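Student: So that you have it, the file is upload17.txt, and it contains compact mmCIF, C-alpha atoms:
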# COMPACT_ATOMS: atom_id res chain seq x y z
CA MET V 1 0.00 0.00 0.00
CA SER V 2 1.20 3.50 -0.72
CA ALA V 3 1.50 6.11 1.96
CA GLU V 4 -1.51 8.24 2.73
CA THR V 5 -2.18 10.83 0.07
CA PRO V 6 -1.83 14.54 0.88
CA ARG V 7 -5.59 14.72 0.96
CA THR V 8 -5.68 13.61 4.58
CA THR V 9 -5.56 16.57 6.91
CA PRO V 10 -5.64 15.81 10.64
CA ILE V 11 -7.84 18.03 12.77
CA THR V 12 -6.37 19.13 16.08
CA VAL V 13 -9.22 18.95 18.55
CA THR V 14 -9.17 20.69 21.91
CA ALA V 15 -10.07 18.89 25.13
CA GLU V 16 -12.97 21.32 25.54
CA GLN V 17 -14.37 20.40 22.13
CA LEU V 18 -14.06 16.68 22.78
CA ALA V 19 -15.73 17.08 26.17
CA ALA V 20 -18.71 18.73 24.49
CA VAL V 21 -19.56 15.54 22.58
CA LYS V 22 -22.35 13.58 24.21
CA TYR V 23 -22.65 9.88 23.50
CA ASN V 24 -25.84 7.88 23.85
CA SER V 25 -26.29 4.93 26.20
CA ASP V 26 -24.47 2.72 23.67
CA GLY V 27 -21.52 5.11 23.64
CA LEU V 28 -22.33 6.33 20.14
CA VAL V 29 -23.00 9.68 18.47
CA PRO V 30 -24.58 10.19 15.03
CA ALA V 31 -22.26 11.59 12.36
CA ILE V 32 -23.56 13.19 9.17
CA ALA V 33 -21.27 13.25 6.13
CA GLN V 34 -21.89 16.06 3.63
CA ASP V 35 -20.07 16.58 0.34
CA VAL V 36 -17.89 19.67 0.76
CA ASP V 37 -18.25 20.61 -2.92
CA THR V 38 -21.87 19.86 -3.84
CA ARG V 39 -23.21 20.15 -0.25
CA GLU V 40 -25.14 16.93 -0.88
CA VAL V 41 -25.83 14.97 2.31
CA LEU V 42 -24.14 11.64 1.64
CA MET V 43 -24.92 9.47 4.66
CA MET V 44 -25.44 9.29 8.39
CA ALA V 45 -23.70 6.69 10.51
CA TRP V 46 -22.38 6.38 14.05
CA MET V 47 -19.11 7.00 15.85
CA ASN V 48 -17.83 6.00 19.23
CA ALA V 49 -15.09 7.92 21.02
CA GLU V 50 -12.37 5.78 19.46
CA SER V 51 -13.61 6.18 15.88
CA LEU V 52 -14.06 9.93 16.40
CA ALA V 53 -10.46 10.18 17.61
CA MET V 54 -9.28 8.15 14.60
CA THR V 55 -11.32 10.35 12.25
CA MET V 56 -9.63 13.47 13.59
CA ARG V 57 -6.16 11.95 13.68
CA GLU V 58 -6.32 10.42 10.20
CA GLY V 59 -8.45 13.10 8.54
CA ARG V 60 -10.62 10.28 7.20
CA MET V 61 -14.08 9.20 8.26
CA VAL V 62 -13.99 6.24 10.64
CA TYR V 63 -17.38 5.05 11.88
CA TRP V 64 -18.53 2.41 14.32
CA SER V 65 -20.48 -0.32 12.53
CA ARG V 66 -23.45 -1.22 14.71
CA SER V 67 -24.28 -4.28 12.59
CA ARG V 68 -20.76 -5.68 12.71
CA SER V 69 -19.80 -4.22 16.11
CA GLU V 70 -16.46 -3.06 14.83
CA LEU V 71 -14.55 -0.01 13.68
CA TRP V 72 -15.44 0.89 10.10
CA ARG V 73 -12.69 2.78 8.30
CA LYS V 74 -14.88 3.96 5.46
CA GLY V 75 -13.42 2.99 2.12
CA ASP V 76 -10.83 0.47 3.29
CA THR V 77 -12.74 -2.21 1.39
CA SER V 78 -14.63 -0.22 -1.23
CA GLY V 79 -11.98 2.39 -1.96
CA ASP V 80 -14.60 5.06 -1.47
CA ARG V 81 -12.87 6.94 1.31
CA GLN V 82 -14.09 10.19 2.83
CA PHE V 83 -11.51 12.86 3.54
CA VAL V 84 -12.48 15.33 6.24
CA ARG V 85 -12.40 19.02 5.33
CA GLU V 86 -14.50 20.47 8.17
CA ALA V 87 -15.91 18.98 11.38
CA TRP V 88 -18.72 20.52 13.40
CA TYR V 89 -20.75 19.64 16.51
CA ASP V 90 -24.22 20.85 17.26
CA CYS V 91 -25.72 22.97 20.04
CA ASP V 92 -26.46 19.93 22.19
CA GLY V 93 -23.20 18.19 21.35
CA ASP V 94 -25.11 15.06 20.42
CA THR V 95 -24.76 15.17 16.63
CA LEU V 96 -21.67 15.66 14.46
CA LEU V 97 -21.42 17.06 10.94
CA PHE V 98 -18.46 16.42 8.67
CA LEU V 99 -17.83 18.11 5.35
CA VAL V 100 -15.91 15.58 3.31
CA GLU V 101 -14.25 15.01 0.00
CA GLN V 102 -15.91 11.83 -1.23
CA GLU V 103 -13.61 9.49 -3.14
CA GLY V 104 -14.66 7.02 -5.81
CA ASN V 105 -18.21 6.14 -6.74
CA GLY V 106 -19.89 7.57 -3.70
CA ALA V 107 -20.86 6.95 -0.12
CA CYS V 108 -23.50 4.25 -0.50
CA HIS V 109 -22.93 0.52 -0.63
CA THR V 110 -25.67 0.33 -3.29
CA GLY V 111 -23.50 2.25 -5.74
CA GLU V 112 -25.50 5.45 -5.38
CA ARG V 113 -23.51 8.56 -4.57
CA SER V 114 -25.70 9.42 -1.57
CA CYS V 115 -27.50 6.97 0.69
CA PHE V 116 -30.52 9.28 0.39
CA TYR V 117 -31.54 8.29 -3.14
CA ARG V 118 -35.19 7.45 -2.49
CA ALA V 119 -37.75 10.21 -2.12
CA PHE V 120 -41.05 10.07 -0.30
CA GLY V 121 -44.00 11.04 -2.45
CA GLY V 122 -44.22 11.11 -6.19
CA GLN V 123 -40.84 12.60 -7.13
CA MET I 1 -54.66 31.91 14.28
CA SER I 2 -54.63 32.34 10.56
CA ALA I 3 -54.94 29.47 8.17
CA GLU I 4 -51.78 27.73 7.06
CA THR I 5 -49.82 29.69 4.53
CA PRO I 6 -49.54 28.41 0.94
CA ARG I 7 -45.99 27.40 1.73
CA THR I 8 -47.15 24.15 3.26
CA THR I 9 -47.21 21.36 0.72
CA PRO I 10 -48.37 17.95 1.93
CA ILE I 11 -46.37 14.96 0.69
CA THR I 12 -48.39 11.95 -0.33
CA VAL I 13 -46.46 8.97 0.95
CA THR I 14 -47.02 5.44 -0.28
CA ALA I 15 -47.50 2.52 2.08
CA GLU I 16 -44.34 0.97 0.64
CA GLN I 17 -42.32 4.08 1.44
CA LEU I 18 -43.64 4.27 4.99
CA ALA I 19 -42.95 0.58 5.51
CA ALA I 20 -39.30 1.14 4.55
CA VAL I 21 -38.75 3.39 7.56
CA LYS I 22 -37.06 1.57 10.44
CA TYR I 23 -37.46 2.90 13.95
CA ASN I 24 -35.06 2.21 16.79
CA SER I 25 -35.97 0.44 20.02
CA ASP I 26 -37.48 3.70 21.29
CA GLY I 27 -39.68 3.97 18.20
CA LEU I 28 -37.65 6.86 16.81
CA VAL I 29 -35.78 7.64 13.61
CA PRO I 30 -33.23 10.44 13.11
CA ALA I 31 -34.32 13.25 10.79
CA ILE I 32 -31.84 15.67 9.23
CA ALA I 33 -33.11 19.09 8.13
CA GLN I 34 -31.18 20.77 5.33
CA ASP I 35 -31.86 24.23 3.90
CA VAL I 36 -33.28 23.74 0.40
CA ASP I 37 -31.70 26.96 -0.88
CA THR I 38 -28.26 27.14 0.74
CA ARG I 39 -27.93 23.36 1.30
CA GLU I 40 -26.69 24.13 4.82
CA VAL I 41 -27.40 21.32 7.28
CA LEU I 42 -29.57 23.01 9.91
CA MET I 43 -30.19 20.38 12.56
CA MET I 44 -30.80 16.74 13.35
CA ALA I 45 -33.62 15.64 15.61
CA TRP I 46 -35.89 12.64 16.02
CA MET I 47 -39.29 11.57 14.74
CA ASN I 48 -41.68 8.85 15.76
CA ALA I 49 -44.28 7.42 13.39
CA GLU I 50 -46.87 9.95 14.47
CA SER I 51 -44.64 12.99 13.99
CA LEU I 52 -43.48 11.65 10.62
CA ALA I 53 -47.10 11.30 9.51
CA MET I 54 -47.84 14.84 10.72
CA THR I 55 -44.78 16.17 8.91
CA MET I 56 -45.99 14.67 5.65
CA ARG I 57 -49.59 15.69 6.14
CA GLU I 58 -48.85 19.26 7.18
CA GLY I 59 -45.76 19.81 5.03
CA ARG I 60 -44.06 21.15 8.14
CA MET I 61 -41.37 19.54 10.27
CA VAL I 62 -42.80 17.88 13.38
CA TYR I 63 -40.27 16.15 15.61
CA TRP I 64 -40.49 14.07 18.75
CA SER I 65 -38.83 15.85 21.65
CA ARG I 66 -36.88 13.26 23.61
CA SER I 67 -36.23 15.68 26.50
CA ARG I 68 -39.89 16.67 26.86
CA SER I 69 -41.38 13.37 25.65
CA GLU I 70 -43.87 15.15 23.43
CA LEU I 71 -44.59 16.09 19.85
CA TRP I 72 -42.56 19.11 18.79
CA ARG I 73 -44.18 21.08 16.02
CA LYS I 74 -41.08 23.05 15.12
CA GLY I 75 -41.73 26.78 15.23
CA ASP I 76 -45.06 26.75 17.04
CA THR I 77 -43.38 28.64 19.88
CA SER I 78 -40.42 30.29 18.17
CA GLY I 79 -42.08 31.10 14.86
CA ASP I 80 -39.14 29.49 13.10
CA ARG I 81 -41.10 26.88 11.19
CA GLN I 82 -39.61 24.51 8.63
CA PHE I 83 -41.60 23.91 5.45
CA VAL I 84 -40.85 20.64 3.72
CA ARG I 85 -39.81 20.79 0.07
CA GLU I 86 -38.30 17.32 -0.36
CA ALA I 87 -38.23 14.23 1.86
CA TRP I 88 -35.80 11.34 1.44
CA TYR I 89 -35.01 8.08 3.24
CA ASP I 90 -31.69 6.31 3.15
CA CYS I 91 -30.57 2.90 1.90
CA ASP I 92 -31.19 1.26 5.27
CA GLY I 93 -34.40 3.19 5.91
CA ASP I 94 -33.10 4.24 9.30
CA THR I 95 -32.34 7.90 8.63
CA LEU I 96 -34.50 10.59 7.02
CA LEU I 97 -33.41 13.73 5.17
CA PHE I 98 -35.69 16.72 4.66
CA LEU I 99 -34.96 19.69 2.46
CA VAL I 100 -36.77 22.57 4.08
CA GLU I 101 -37.54 26.23 3.72
CA GLN I 102 -36.42 27.63 7.06
CA GLU I 103 -38.58 30.44 8.40
CA GLY I 104 -37.43 33.23 10.71
CA ASN I 105 -34.06 33.45 12.40
CA GLY I 106 -33.01 29.88 11.89
CA ALA I 107 -33.24 26.36 13.22
CA CYS I 108 -31.32 26.64 16.47
CA HIS I 109 -32.68 27.63 19.85
CA THR I 110 -29.44 29.55 20.46
CA GLY I 111 -30.33 32.01 17.70
CA GLU I 112 -27.82 30.57 15.27
CA ARG I 113 -29.15 29.67 11.85
CA SER I 114 -27.75 26.12 12.02
CA CYS I 115 -27.28 24.03 15.15
CA PHE I 116 -23.84 23.16 13.76
CA TYR I 117 -22.16 26.47 14.52
CA ARG I 118 -19.12 25.16 16.42
CA ALA I 119 -16.20 23.67 14.56
CA PHE I 120 -13.67 21.19 15.84
CA GLY I 121 -10.11 22.35 15.45
CA GLY I 122 -8.86 25.84 14.95
CA GLN I 123 -11.40 27.26 12.50
Produce structure tokens that represent the structure in this file.

Tutor:
Amino acid sequence: MSAETPRTTPITVTAEQLAAVKYNSDGLVPAIAQDVDTREVLMMAWMNAESLAMTMREGRMVYWSRSRSELWRKGDTSGDRQFVREAWYDCDGDTLLFLVEQEGNGACHTGERSCFYRAFGGQ
Amino acid sequence: MSAETPRTTPITVTAEQLAAVKYNSDGLVPAIAQDVDTREVLMMAWMNAESLAMTMREGRMVYWSRSRSELWRKGDTSGDRQFVREAWYDCDGDTLLFLVEQEGNGACHTGERSCFYRAFGGQ
């Protein structure tokens, strides 16, 4: 494997910022990934404290897979990695928002670019 | 109170679409609200089946308040209503995305337009 590309940019998080994050009773917090260029919402998944720390350190989205109960370094298998450009937390500290550069075909395992590809109603 | 403004547009949901929505063990599903014009992610909150049905019927965002354990018709108190323009569900059916017209000052109770007004790192 080659070394990480220059597209990974670690985010230096303060202790105060990390302390503001509130995890649910399973130790998880929802993380929204939004395309930094198109502003399309790509997906929502979950992070635990370890995957959040990895995300910041590596500058790549690392989730916690609830179905597999393991760390999910997005794109390690598919090649569709997500490089973090901005990271935000909300007023309650219980939801995270990441603006990412989406690599490859997209975020969704179905092959769609966004996981939100089905509309309610007649669209 | 005056009648609903013309900005409310009900969304006619099919039984198949509703059946695709998966609720967690508390009967809730996360709902992301995104500004339909600026594409800014405004907030993430929760819906139960009743609030989702109300949201579709009224064309206005209705959440379930976990802290107050009650229906939360967004903007009834603040005036900052959210009118639904598009509604999407994700590949797993366990997260919803709404593109909304945000009324008033914004989505956040702090007075900020988006609840995601604090960045990790040095921004």

Student: Identify every residue of chain V that has at least one atom within 6 Å of any atom of chain I, counting all atoms listed in the file, and report the result as a list in words.

Tutor: Ile11, Thr12, Val13, Arg39, Ala87, Trp88, Tyr89, Asp90, Cys91, Cys115, Phe116, Arg118, Ala119, Phe120 and Gly121 of chain V

Student: Can those selected residues be exported to a file as a CSV table (one decimal), keeping the file's coordinate frame so that it contains C-alpha atoms?

Tutor:
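Saved as selection03.csv:
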chain,number,residue,atom,x,y,z
V,11,ILE,CA,-7.8,18.0,12.8
V,12,THR,CA,-6.4,19.1,16.1
V,13,VAL,CA,-9.2,19.0,18.6
V,39,ARG,CA,-23.2,20.2,-0.2
V,87,ALA,CA,-15.9,19.0,11.4
V,88,TRP,CA,-18.7,20.5,13.4
V,89,TYR,CA,-20.8,19.6,16.5
V,90,ASP,CA,-24.2,20.8,17.3
V,91,CYS,CA,-25.7,23.0,20.0
V,115,CYS,CA,-27.5,7.0,0.7
V,116,PHE,CA,-30.5,9.3,0.4
V,118,ARG,CA,-35.2,7.4,-2.5
V,119,ALA,CA,-37.8,10.2,-2.1
V,120,PHE,CA,-41.0,10.1,-0.3
V,121,GLY,CA,-44.0,11.0,-2.4

Student: Would you kindly identify which residues have an atom no farther than 12 Å from (-12.4, 8.5, 19.7), using all atoms listed in the file and the file's own coordinates, and write them out as a list in words?

Tutor: Val13, Ala15, Leu18, Ala19, Val21, Tyr23, Gly27, Leu28, Val29, Trp46, Met47, Asn48, Ala49, Glu50, Ser51, Leu52, Ala53, Met54, Thr55, Met56, Arg57, Glu58, Met61, Val62, Tyr63, Trp64 and Leu71 of chain V

Student: Considering all atoms listed in the file, return as a PyMOL selection string whatever protein or nucleic-acid residues lie within 12 Å of V:Ser78, sequence-local ones (same chain, fewer than 4 positions apart) excluded.

Tutor: chain V and resi 72-74+82+103-111

Student: Which residues are close to I:Asp37, i.e. within 10 Å by all atoms listed in the file, leaving aside same-chain residues fewer than 4 positions away? Reply as a list in words.

Tutor: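 Once the nearby chain positions are removed, what remains is Leu99, Val100, Glu101 and Gln102 of chain I.
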
Student: One decimal, Å: what's the distance from atom CA of V:Val36 over to atom CA of I:Ala31, could you say?

Tutor: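 These two atoms are separated by 20.3 Å.
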